[in-house]
Each structure stands twice: as structure tokens, then as C-alpha cells.
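Novice: Dropping in final17.tsv, with TSV, C-alpha atoms.
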```
chain	number	residue	atom	x	y	z
E	1	MET	CA	0.66	63.90	-26.78
E	2	SER	CA	-0.70	67.41	-27.30
E	3	PRO	CA	0.05	69.33	-30.52
E	4	GLY	CA	3.18	71.40	-30.20
E	5	TYR	CA	4.61	69.18	-27.47
E	6	GLN	CA	8.42	69.31	-27.53
E	7	LYS	CA	10.52	66.40	-26.32
E	8	PRO	CA	12.45	67.65	-23.28
E	9	LEU	CA	16.11	68.42	-23.73
E	10	ARG	CA	18.74	67.49	-21.21
E	11	ALA	CA	22.19	69.03	-20.84
E	12	ILE	CA	24.92	66.42	-21.33
E	13	ASN	CA	28.61	67.09	-20.65
E	14	PHE	CA	30.99	65.55	-23.15
E	15	ILE	CA	34.60	65.39	-21.93
E	16	CYS	CA	37.54	64.31	-24.06
E	17	ARG	CA	40.92	63.85	-22.38
E	18	ALA	CA	43.09	64.30	-25.47
E	19	THR	CA	45.69	66.42	-23.70
E	20	GLN	CA	48.08	66.64	-26.67
E	21	ALA	CA	45.42	67.53	-29.25
E	22	THR	CA	45.26	70.91	-30.98
E	23	ALA	CA	41.59	70.72	-31.97
E	24	VAL	CA	38.73	68.50	-30.85
E	25	SER	CA	35.13	68.54	-32.01
E	26	LEU	CA	32.06	66.54	-31.15
E	27	VAL	CA	30.37	64.68	-33.99
E	28	GLY	CA	27.24	62.57	-33.90
E	29	ASP	CA	23.75	61.92	-35.18
E	30	PHE	CA	22.65	65.22	-33.61
E	31	ASN	CA	24.83	67.26	-36.02
E	32	ASP	CA	24.91	64.83	-38.96
E	33	TRP	CA	28.55	64.05	-38.12
E	34	ASN	CA	29.54	67.58	-39.10
E	35	PRO	CA	33.23	68.01	-38.15
E	36	ILE	CA	33.06	71.78	-37.59
E	37	SER	CA	29.66	72.54	-36.11
E	38	HIS	CA	30.46	71.53	-32.49
E	39	PRO	CA	34.06	72.44	-31.53
E	40	MET	CA	34.96	71.49	-27.96
E	41	LYS	CA	36.42	73.96	-25.49
E	42	HIS	CA	39.97	73.48	-24.25
E	43	MET	CA	39.90	73.46	-20.44
E	44	PRO	CA	42.64	74.52	-17.99
E	45	ASP	CA	43.36	70.85	-17.16
E	46	ARG	CA	43.99	70.32	-20.91
E	47	SER	CA	40.87	68.20	-21.39
E	48	TRP	CA	38.14	69.24	-23.84
E	49	LEU	CA	34.56	69.99	-22.86
E	50	LEU	CA	31.27	70.61	-24.58
E	51	THR	CA	27.83	70.75	-23.00
E	52	LEU	CA	25.04	69.87	-25.36
E	53	ASN	CA	21.28	69.75	-24.95
E	54	LEU	CA	20.03	66.43	-26.26
E	55	LYS	CA	16.55	65.03	-26.51
E	56	HIS	CA	15.38	61.82	-24.87
E	57	GLY	CA	16.73	58.66	-26.50
E	58	HIS	CA	20.03	57.09	-27.52
E	59	HIS	CA	22.58	59.12	-29.42
E	60	ARG	CA	25.64	58.01	-31.38
E	61	TYR	CA	28.70	60.23	-31.14
E	62	ALA	CA	32.48	60.37	-31.28
E	63	PHE	CA	35.31	62.81	-30.67
E	64	LEU	CA	37.14	64.12	-33.71
E	65	VAL	CA	40.66	64.60	-32.33
E	66	ASP	CA	42.86	66.47	-34.82
E	67	GLY	CA	40.71	65.02	-37.58
E	68	VAL	CA	40.76	61.43	-36.28
E	69	LEU	CA	37.59	59.75	-35.03
E	70	ASN	CA	37.96	58.58	-31.41
E	71	LEU	CA	35.65	56.59	-29.17
E	72	ASP	CA	34.80	57.99	-25.76
E	73	PRO	CA	36.45	55.55	-23.29
E	74	ASN	CA	33.86	56.52	-20.67
E	75	ALA	CA	30.84	55.97	-22.90
E	76	GLN	CA	28.08	53.69	-21.72
E	77	GLY	CA	27.87	51.91	-25.06
E	78	ILE	CA	29.45	51.18	-28.42
E	79	THR	CA	27.80	50.80	-31.80
E	80	ARG	CA	28.52	51.71	-35.43
E	81	ASN	CA	27.48	54.80	-37.37
E	82	ASP	CA	25.97	54.70	-40.85
E	83	LYS	CA	29.47	54.59	-42.35
E	84	GLY	CA	30.28	51.46	-40.36
E	85	GLU	CA	32.72	53.23	-38.02
E	86	ARG	CA	32.75	52.27	-34.35
E	87	VAL	CA	31.27	55.08	-32.31
E	88	SER	CA	30.08	55.73	-28.77
E	89	LEU	CA	26.58	55.68	-27.39
E	90	VAL	CA	24.96	57.94	-24.81
E	91	PRO	CA	21.48	57.37	-23.34
E	92	VAL	CA	19.44	60.45	-22.45
E	93	SER	CA	16.44	60.04	-20.20
F	1	MET	CA	18.56	61.85	-12.01
F	2	LYS	CA	19.71	58.26	-11.94
F	3	LYS	CA	17.47	55.81	-13.67
F	4	THR	CA	15.90	53.28	-11.37
F	5	ALA	CA	13.41	50.51	-11.93
F	6	LYS	CA	10.68	52.76	-10.61
F	7	ASN	CA	11.06	55.48	-13.19
F	8	VAL	CA	11.70	53.27	-16.19
F	9	ARG	CA	9.69	54.34	-19.20
F	10	VAL	CA	10.10	53.24	-22.76
F	11	SER	CA	11.26	55.77	-25.33
F	12	LYS	CA	8.40	57.06	-27.39
F	13	THR	CA	10.36	57.45	-30.58
F	14	LYS	CA	9.03	57.10	-34.09
F	15	LYS	CA	10.97	53.89	-34.55
F	16	ALA	CA	9.86	52.46	-31.21
F	17	ALA	CA	6.27	52.74	-32.37
F	18	ALA	CA	7.10	50.43	-35.27
F	19	GLY	CA	7.82	47.34	-33.19
F	20	LYS	CA	6.89	45.79	-29.88
F	21	ILE	CA	9.34	44.70	-27.24
F	22	HIS	CA	8.95	41.15	-25.90
F	23	PRO	CA	10.41	40.77	-22.39
F	24	ILE	CA	11.44	37.17	-21.64
F	25	ILE	CA	12.34	36.48	-18.02
F	26	ILE	CA	14.38	33.40	-17.16
F	27	TYR	CA	13.20	32.36	-13.71
F	28	PRO	CA	16.07	31.20	-11.44
F	29	PHE	CA	16.56	27.44	-11.55
F	30	LYS	CA	17.29	27.36	-7.82
F	31	GLN	CA	14.70	29.29	-5.87
F	32	PRO	CA	16.47	31.73	-3.50
F	33	ASN	CA	15.35	31.77	0.12
F	34	ASP	CA	14.95	35.53	0.10
F	35	TYR	CA	12.44	36.95	-2.40
F	36	SER	CA	13.67	40.55	-2.32
F	37	ASP	CA	15.63	40.24	-5.58
F	38	LEU	CA	12.76	38.59	-7.42
F	39	GLU	CA	10.35	41.14	-5.96
F	40	GLY	CA	12.56	43.88	-7.40
F	41	LEU	CA	12.58	42.16	-10.77
F	42	TYR	CA	8.83	41.55	-10.91
F	43	GLY	CA	8.23	45.13	-9.78
F	44	MET	CA	9.80	46.16	-13.06
F	45	VAL	CA	7.94	43.44	-14.97
F	46	SER	CA	4.65	44.78	-13.60
F	47	ARG	CA	5.47	48.19	-15.08
F	48	LEU	CA	6.28	46.64	-18.44
F	49	ALA	CA	3.00	44.72	-18.35
F	50	ALA	CA	1.19	48.01	-17.74
F	51	GLU	CA	2.45	49.40	-21.06
F	52	PRO	CA	0.85	47.06	-23.63
F	53	GLU	CA	1.33	49.58	-26.44
F	54	SER	CA	5.10	49.27	-26.12
F	55	TYR	CA	5.55	45.81	-24.62
F	56	ALA	CA	4.11	42.42	-25.44
F	57	ARG	CA	2.87	40.48	-22.42
F	58	PRO	CA	6.07	39.52	-20.54
F	59	LEU	CA	6.91	35.83	-20.64
F	60	THR	CA	8.50	33.97	-17.72
F	61	VAL	CA	10.20	30.67	-18.45
F	62	MET	CA	10.15	28.40	-15.41
F	63	ASP	CA	11.76	24.98	-15.34
F	64	ARG	CA	9.38	22.27	-14.20
F	65	LYS	CA	12.11	20.92	-11.92
F	66	THR	CA	12.09	24.26	-10.10
F	67	PHE	CA	8.34	23.97	-9.71
F	68	TYR	CA	8.33	20.38	-8.48
F	69	THR	CA	11.18	21.03	-6.06
F	70	MET	CA	9.17	23.89	-4.54
F	71	GLU	CA	5.58	22.69	-4.99
F	72	GLY	CA	5.09	22.21	-1.26
F	73	ASN	CA	6.46	25.64	-0.41
F	74	ARG	CA	3.73	28.17	0.34
F	75	ALA	CA	5.94	31.23	-0.17
F	76	PHE	CA	7.01	30.01	-3.60
F	77	LEU	CA	3.46	29.20	-4.70
F	78	ASP	CA	2.22	32.57	-3.47
F	79	PHE	CA	4.98	34.39	-5.30
F	80	ARG	CA	4.33	32.38	-8.45
F	81	ASP	CA	0.61	33.21	-8.34
F	82	ASN	CA	0.71	36.78	-7.07
F	83	ALA	CA	3.75	38.15	-8.84
F	84	VAL	CA	4.96	35.93	-11.65
F	85	ALA	CA	1.61	34.84	-13.08
F	86	ARG	CA	-0.01	38.19	-12.38
F	87	HIS	CA	2.48	40.24	-14.37
F	88	SER	CA	3.62	37.73	-16.95
F	89	GLU	CA	2.62	34.59	-18.73
F	90	ILE	CA	4.39	31.55	-17.33
F	91	LEU	CA	5.92	29.15	-19.79
F	92	ASP	CA	6.40	25.92	-17.84
F	93	ALA	CA	9.04	23.82	-19.55
F	94	TRP	CA	11.23	20.84	-18.90
F	95	CYS	CA	14.71	22.16	-19.63
F	96	VAL	CA	18.10	20.52	-19.42
F	97	ASP	CA	19.76	23.86	-18.64
F	98	THR	CA	19.47	27.63	-18.84
F	99	CYS	CA	20.22	27.70	-22.54
F	100	GLN	CA	17.22	25.51	-23.21
F	101	MET	CA	15.15	27.92	-21.13
F	102	TRP	CA	16.36	30.72	-23.43
F	103	TYR	CA	15.49	28.64	-26.48
F	104	GLU	CA	12.00	27.87	-25.16
F	105	GLY	CA	11.34	31.48	-24.20
F	106	LEU	CA	12.80	33.17	-27.25
F	107	GLY	CA	11.13	30.62	-29.53
F	108	ALA	CA	7.71	31.04	-27.92
F	109	ALA	CA	7.95	34.84	-27.99
F	110	PHE	CA	9.16	34.76	-31.60
F	111	GLU	CA	6.08	32.84	-32.70
F	112	ARG	CA	3.90	35.61	-31.26
F	113	GLY	CA	6.02	38.41	-32.67
F	114	ALA	CA	6.15	40.34	-35.92
F	115	GLU	CA	8.79	41.62	-38.30
F	116	ASN	CA	9.82	44.79	-36.45
F	117	ASP	CA	9.65	43.37	-32.94
F	118	VAL	CA	12.51	43.03	-30.50
F	119	TYR	CA	13.09	40.27	-27.93
F	120	TRP	CA	14.64	41.17	-24.62
F	121	LEU	CA	16.16	38.45	-22.44
F	122	ILE	CA	16.17	39.16	-18.70
F	123	PRO	CA	17.99	36.65	-16.46
F	124	GLY	CA	16.25	36.20	-13.12
F	125	ASP	CA	19.15	35.22	-10.89
F	126	PHE	CA	20.73	38.61	-10.16
F	127	ASN	CA	20.60	40.78	-7.06
F	128	TYR	CA	17.91	43.16	-8.31
F	129	GLY	CA	16.73	43.89	-4.81
F	130	THR	CA	19.83	45.92	-3.98
F	131	THR	CA	20.24	49.62	-4.74
F	132	GLY	CA	22.67	48.76	-7.53
F	133	GLY	CA	20.27	46.14	-8.79
F	134	GLN	CA	17.42	48.64	-8.91
F	135	GLU	CA	19.62	51.01	-10.88
F	136	VAL	CA	20.42	48.23	-13.34
F	137	LEU	CA	16.73	47.37	-13.68
F	138	GLY	CA	16.11	51.03	-14.48
F	139	GLY	CA	18.54	50.88	-17.38
F	140	LEU	CA	17.96	47.40	-18.81
F	141	HIS	CA	15.22	48.73	-21.09
F	142	ASP	CA	17.98	50.56	-22.97
F	143	LEU	CA	18.95	47.27	-24.65
F	144	PRO	CA	15.77	46.78	-26.73
F	145	GLU	CA	15.34	50.53	-27.21
F	146	ILE	CA	18.81	50.81	-28.75
F	147	ILE	CA	17.77	48.18	-31.29
F	148	LEU	CA	14.58	50.03	-32.15
F	149	GLU	CA	15.99	53.54	-32.19
F	150	LEU	CA	19.30	52.84	-33.88
F	151	ASP	CA	18.12	50.02	-36.14
F	152	GLN	CA	20.44	47.40	-34.64
F	153	ASP	CA	20.22	43.60	-34.85
F	154	VAL	CA	21.60	42.72	-31.44
F	155	CYS	CA	22.54	44.69	-28.33
F	156	VAL	CA	24.58	43.01	-25.61
F	157	GLY	CA	24.38	44.25	-22.04
F	158	GLU	CA	27.57	44.24	-20.00
F	159	ILE	CA	27.89	44.12	-16.25
F	160	ALA	CA	30.86	45.62	-14.45
F	161	THR	CA	32.98	43.03	-12.67
F	162	GLY	CA	36.32	43.09	-10.89
F	163	HIS	CA	39.43	41.52	-12.39
F	164	HIS	CA	39.23	38.57	-10.00
F	165	ASN	CA	35.56	37.88	-10.61
F	166	SER	CA	35.11	34.38	-12.01
F	167	LYS	CA	33.08	35.67	-14.99
F	168	HIS	CA	35.88	38.04	-15.92
F	169	LEU	CA	38.53	35.33	-15.56
F	170	ILE	CA	36.54	32.81	-17.60
F	171	ASP	CA	35.96	35.33	-20.39
F	172	THR	CA	39.55	36.60	-20.51
F	173	TYR	CA	41.47	33.34	-20.19
F	174	GLY	CA	38.86	30.91	-21.46
F	175	THR	CA	36.25	32.32	-23.82
F	176	PHE	CA	38.35	34.89	-25.66
F	177	ALA	CA	41.50	32.77	-25.71
F	178	LEU	CA	39.51	29.95	-27.32
F	179	LEU	CA	37.67	32.33	-29.65
F	180	TYR	CA	41.00	33.74	-30.86
F	181	THR	CA	42.15	30.16	-31.49
F	182	TRP	CA	39.18	28.94	-33.49
F	183	PHE	CA	37.83	32.17	-34.99
F	184	PRO	CA	40.60	34.80	-34.83
F	185	SER	CA	39.11	37.52	-37.04
F	186	GLU	CA	35.60	37.09	-35.63
F	187	ALA	CA	37.02	37.21	-32.10
F	188	GLN	CA	38.64	40.57	-32.86
F	189	GLU	CA	35.35	41.95	-34.13
F	190	ILE	CA	33.45	40.68	-31.09
F	191	ARG	CA	36.03	42.10	-28.69
F	192	GLN	CA	35.73	45.50	-30.32
F	193	PHE	CA	32.22	45.55	-28.90
F	194	THR	CA	32.18	43.53	-25.74
F	195	GLU	CA	34.36	42.02	-23.04
F	196	ARG	CA	31.45	39.79	-22.00
F	197	PRO	CA	30.70	37.41	-24.87
F	198	ARG	CA	28.74	35.13	-22.51
F	199	SER	CA	26.46	37.90	-21.24
F	200	GLU	CA	22.96	36.85	-20.28
F	201	PHE	CA	21.64	40.34	-20.93
F	202	PHE	CA	20.78	41.03	-24.52
F	203	ALA	CA	18.09	42.12	-26.94
F	204	ILE	CA	17.71	40.81	-30.46
F	205	ARG	CA	15.72	41.88	-33.51
F	206	HIS	CA	13.03	39.62	-34.99
F	207	GLY	CA	14.88	38.91	-38.25
F	208	PHE	CA	18.13	37.98	-36.56
F	209	LEU	CA	16.34	35.88	-33.95
F	210	ARG	CA	14.65	33.98	-36.76
F	211	GLU	CA	18.06	33.20	-38.26
F	212	ALA	CA	19.48	32.22	-34.88
F	213	LEU	CA	16.52	29.97	-34.03
F	214	MET	CA	16.57	28.26	-37.40
F	215	GLN	CA	20.24	27.38	-37.18
F	216	ARG	CA	21.56	24.56	-35.05
F	217	TRP	CA	20.93	25.44	-31.42
F	218	TYR	CA	23.93	24.42	-29.39
F	219	PRO	CA	23.18	23.19	-25.90
F	220	TYR	CA	25.27	25.91	-24.23
F	221	GLU	CA	27.14	29.21	-24.65
F	222	GLN	CA	24.36	30.66	-26.77
F	223	THR	CA	25.54	34.26	-26.54
F	224	VAL	CA	28.96	33.33	-27.92
F	225	VAL	CA	27.34	31.46	-30.81
F	226	MET	CA	24.91	34.32	-31.42
F	227	LEU	CA	27.75	36.85	-31.55
F	228	LEU	CA	29.67	34.64	-33.96
F	229	GLN	CA	26.58	34.40	-36.14
F	230	ALA	CA	26.23	38.17	-35.97
F	231	VAL	CA	29.80	38.61	-37.24
F	232	PHE	CA	29.46	35.88	-39.89
F	233	SER	CA	26.39	37.57	-41.38
F	234	LYS	CA	27.54	41.17	-40.72
F	235	LYS	CA	24.75	42.08	-38.34
F	236	ARG	CA	24.56	45.46	-36.65
F	237	MET	CA	25.88	44.96	-33.14
F	238	SER	CA	25.90	47.25	-30.10
F	239	ARG	CA	27.07	47.01	-26.53
F	240	PHE	CA	25.64	48.82	-23.55
F	241	MET	CA	26.88	48.90	-19.96
F	242	VAL	CA	24.02	47.97	-17.64
F	243	GLY	CA	25.93	48.61	-14.43
F	244	ASN	CA	27.16	46.92	-11.31
F	245	ILE	CA	25.30	43.77	-10.48
F	246	SER	CA	26.21	40.25	-9.47
F	247	ASP	CA	24.42	36.98	-9.85
F	248	LEU	CA	22.97	35.37	-6.76
F	249	PRO	CA	25.12	32.97	-4.70
F	250	GLU	CA	23.18	30.03	-6.11
F	251	GLY	CA	24.37	30.96	-9.60
F	252	ARG	CA	27.99	31.86	-8.93
F	253	GLU	CA	30.85	29.99	-10.45
F	254	PRO	CA	33.44	28.41	-8.17
F	255	LEU	CA	36.29	26.44	-9.75
F	256	ALA	CA	34.53	23.29	-10.98
F	257	PRO	CA	31.70	25.10	-12.82
F	258	ALA	CA	34.22	27.65	-14.13
F	259	LEU	CA	36.27	24.84	-15.66
F	260	GLN	CA	33.10	23.35	-17.06
F	261	GLN	CA	32.27	26.69	-18.70
F	262	VAL	CA	35.64	26.71	-20.45
F	263	GLU	CA	35.22	23.09	-21.59
F	264	ARG	CA	31.75	23.85	-22.92
F	265	THR	CA	32.97	26.87	-24.80
F	266	GLU	CA	35.70	24.82	-26.41
F	267	ARG	CA	33.23	22.10	-27.37
F	268	VAL	CA	30.83	24.58	-28.93
F	269	LEU	CA	33.56	26.42	-30.85
F	270	LYS	CA	34.86	23.12	-32.22
F	271	SER	CA	31.36	22.21	-33.39
F	272	VAL	CA	30.77	25.58	-35.02
F	273	TRP	CA	34.19	25.46	-36.70
F	274	ARG	CA	33.55	21.97	-38.08
F	275	GLU	CA	30.16	22.99	-39.38
F	276	ARG	CA	31.64	25.90	-41.26
F	277	ASN	CA	34.74	24.13	-42.58
F	278	GLN	CA	33.88	20.47	-43.08
F	279	PHE	CA	33.23	21.01	-46.78
F	280	ARG	CA	36.85	21.97	-47.41
F	281	SER	CA	39.18	19.17	-48.55
F	282	ASP	CA	41.92	20.04	-46.02
F	283	TRP	CA	39.72	20.61	-43.01
F	284	VAL	CA	40.80	17.56	-41.00
F	285	GLU	CA	44.46	18.55	-40.93
F	286	GLN	CA	43.67	22.14	-39.97
F	287	TYR	CA	41.22	20.92	-37.33
F	288	ARG	CA	43.90	18.73	-35.75
F	289	GLN	CA	46.31	21.65	-35.56
F	290	LEU	CA	43.71	23.89	-34.01
F	291	GLU	CA	42.78	21.17	-31.54
F	292	ILE	CA	46.38	20.99	-30.31
F	293	ARG	CA	46.47	24.78	-29.81
F	294	SER	CA	43.02	24.74	-28.23
F	295	ASP	CA	44.10	22.05	-25.78
F	296	GLN	CA	47.04	24.24	-24.70
F	297	VAL	CA	44.74	27.24	-24.27
F	298	ARG	CA	42.27	25.24	-22.18
F	299	ARG	CA	45.02	23.84	-19.96
F	300	ALA	CA	46.44	27.33	-19.41
F	301	ALA	CA	42.96	28.62	-18.55
F	302	PHE	CA	42.53	25.79	-16.03
F	303	THR	CA	45.79	26.72	-14.32
F	304	ILE	CA	44.88	30.42	-14.12
F	305	LEU	CA	41.37	29.70	-12.87
F	306	GLN	CA	42.70	27.25	-10.31
F	307	ASN	CA	45.17	29.86	-9.03
F	308	HIS	CA	42.46	32.50	-8.68
F	309	LEU	CA	39.40	30.57	-7.58
F	310	THR	CA	40.77	28.21	-4.95
```
Show the structure stored in the file as C-alpha cells.
Specialist:
Amino acid sequence: MSPGYQKPLRAINFICRATQATAVSLVGDFNDWNPISHPMKHMPDRSWLLTLNLKHGHHRYAFLVDGVLNLDPNAQGITRNDKGERVSLVPVS
Amino acid sequence: MKKTAKNVRVSKTKKAAAGKIHPIIIYPFKQPNDYSDLEGLYGMVSRLAAEPESYARPLTVMDRKTFYTMEGNRAFLDFRDNAVARHSEILDAWCVDTCQMWYEGLGAAFERGAENDVYWLIPGDFNYGTTGGQEVLGGLHDLPEIILELDQDVCVGEIATGHHNSKHLIDTYGTFALLYTWFPSEAQEIRQFTERPRSEFFAIRHGFLREALMQRWYPYEQTVVMLLQAVFSKKRMSRFMVGNISDLPEGREPLAPALQQVERTERVLKSVWRERNQFRSDWVEQYRQLEIRSDQVRRAAFTILQNHLT
């Protein structure tokens, strides 16, 4: 690997179908589980969307729906975060 | 881009560099007439073998009965020499069943491994030659990589099946119903991660494999026992969907084998329960009560399986 080589980023769409929610954010290893750094956008169909560039590998994440941690029902995997909470898993290749 | 077996590459993460991945392929007990699925599988194995920095030499466990049944078959011998032996080391073993093949393969790989290594079990009797199968092969490497990248102890791969698939029926009405009877809290924890507690796709970390190998090795339903052990000792567990794939006709489960699976699961769970509780003064009475409930669960599972599979 040459010096200065950057791992490629890939745009990933995260979609949360919490139609009754007032605020949804995306939390994960990529933002140190920060509840405010990645708010999701409320879409016309009432779902929530955020597109994020992620590097190659496996990322743990969850949706914070009105302050409550939610798994992504469409996620490809499940694991636990460092606090022992069940969270979702997305592979990026 | 969808991942396929042809563009599989291991993650080059910092953690991945710390340990090697040991692929262990369980060669089908009954040799299929058509080699396209095995060709698909060994196409992937050849790519793993070409990355010795990331992967240990793949290991194929082949039952001697398979070999002797096919020893006069030119196509089999050619495939064994030109694909299996070329891209992996063959571990010839006399095995009573698939679980013993796992034990042989995982044990042999473990003895060559080191502390940070990961062992990746790959069953051979699936339809890898199909488009869906190729897609699954392209994603199977996620299982060991999840362990390395996310510091997990075990990662179970799930395959998507329909509600009337025998595997789904056995797991829902047999495996989980019995698990909830004998180990209710552990069953809840397992089900939070996987709907397929008998999955043949998994990867396991060196330290946990050591524990699993050193404990009593039950003659069947090893994944169920391994998941129970993972819950008992609070191991880090993950689940990953590997896609749509079905096992080959030779390995499918009509009614009689499906019933046998349920009986085996019950037998194993009884043994594990006794091992963990036989030191308590009141264990016999509790065991009898559980046996009565377990018998009802097994009978109900038989009825449901009979209704669906005949």
C-alpha cells in the first residue's frame, strides 16, 4: 500500500421506517455513538433517510428513534456494541 | 456492486492483520453427480489459497466412506486431485457423521493455529454453482472478518428459507421449542441473534474454539451446543445473513430425517442440562418434570412436521 493511500469510501443509504417518530438519528462506530452528529432526514413517505460514506469493512450501527435505540429490521447482521446493546451490522465492500 | 465469489477479497484492516483465517471445508458425504456446485466452491477456495498472508492453507475434511464409495469413479478422482487437493489440504477421516467431520477439521486446524486466529467452517453440500450460490460464496468471508474486525467470539451465518422449508420448521417447532423447555433464558438470548441455531455456516475465534473443543463433544447438533456454551460463558456473538441458498437434494430433510433431527436435539439438550445440573440435590425431580414437558414438545413438533412434510 503506497503512503497516503486512503481506503475507498462507499455511499450507504440508511432508511428507518419509524413513521410516528419526531426525531431519528443514526448512531454507530463511525460517529462514536454520538446521538446528535448524524440526524436523519424526514422523507415525504414519513420514513427517515441518511446517506453516509463509509469505508470498507463491517460497521455497527443503530437508529436512535426519539431517544430509544432501535435495530434496523433490514440489516444484514446483528451484534452488540461496546455497551452490550444489540445493534445492527452493515458490510461495506 | 453485488459481491460474488469472483470478487471476494479479505478486509485489510488493522485487526485482520493480527490473526489468520483458517477455512475448513466439509466435503459432501454423498458425492453429487453434477460437479458444478463443488466447482463453484473450490473456485472460491482457490482464491483463498492464493492469499496466504490472510488465510491459512484451506483444509478439506473428506470422509473415507465417501472416498471408498467413489474410488472407481474417474470424475471423482480427477476432481479430488485437480481441485480439492490442489487448493486445499485433504484431511481423510473415518467419521460417523457430519459433526465428527467438523470436530476433525476444527481440531486439526486449531492445532495449527495461534491465539488471534479465526476458524471458518464451510459446508460443501450447498448449491454454490447457481447465481445465488455464487453471491453467497462472495459474502461468506464476512463471517470470519466480522470476528476479526469487531472482536467477536463467534459469528453465525444465516440462510434465508421459506416458512415451509424443513430447516425452518425443524428450528421453529423443534429446536427452539426444546431450547425454551430446557434452557429458557439461554434460548431467549440465542433467539435475539439467530433464527437458525443449527446453522452450518459459522466462524469461531481461537480462544472460544479451544473451550468448545476441550468440553464434551456431543455427537450431533454442535452449533446448538456451541451457542449454548457462548451464552453460558458470555461470549461475544454475532449473526450475519449470507443469503439465499439451499442444500443439495442429497442433503435435504424429508420427514424421517427431520424427526431424527428433533430427537437428536432433545437428546443433546437433556445431556447438556444433566451435565450442568447433576450436582444439585433436587435435580432428578426437576429433570423428570422437564422430561414430561419436553416429550409434549417433541410430539407436537412431530405432528407439525408430519403435516408439512408429507
Novice: Please identify all polymer residues within 8 Å of Ala75 of chain E, counting all atoms listed in the file, omitting same-chain residues fewer than 2 positions from it, and present them as an MDAnalysis selection string.
Specialist: chainID E and resid 71:73 77:78 88:90
Novice: For a test of reading the model, state the distance in Å between atom CA of Met241 of chain F and atom CA of Phe63 of chain E, rounded to one decimal.
Specialist: 19.5 Å
Novice: Figure out the distance between atom CA of Pro144 of chain F and atom CA of Glu39 of chain F, please, to one decimal in Å.
Specialist: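 Going from atom CA of Glu39 of chain F over to atom CA of Pro144 of chain F covers 22.2 Å.
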Novice: If we count all atoms listed in the file, what is near segment 168-175 of chain F at a cut-off of 7 Å, once residues fewer than 2 positions away on the same chain are taken out, given as a compact mmCIF listing (two decimals) with C-alpha atoms, keeping the file's coordinate frame?
Specialist:
```
# COMPACT_ATOMS: atom_id res chain seq x y z
CA THR F 161 32.98 43.03 -12.67
CA HIS F 163 39.43 41.52 -12.39
CA HIS F 164 39.23 38.57 -10.00
CA ASN F 165 35.56 37.88 -10.61
CA SER F 166 35.11 34.38 -12.01
CA ALA F 177 41.50 32.77 -25.71
CA LEU F 178 39.51 29.95 -27.32
CA LEU F 179 37.67 32.33 -29.65
CA ARG F 196 31.45 39.79 -22.00
CA ALA F 258 34.22 27.65 -14.13
CA VAL F 262 35.64 26.71 -20.45
CA THR F 265 32.97 26.87 -24.80
CA ARG F 298 42.27 25.24 -22.18
CA ALA F 301 42.96 28.62 -18.55
CA LEU F 305 41.37 29.70 -12.87
```
Novice: If we count only C-alpha atoms and set the cut-off at 9 Å, which residues sit around segment 68-83 of chain F, ignoring sequence neighbours fewer than 6 positions away in its own chain? Please answer as a PyMOL selection string.
Specialist: chain F and resi 30-31+35+39+42-43+46+90
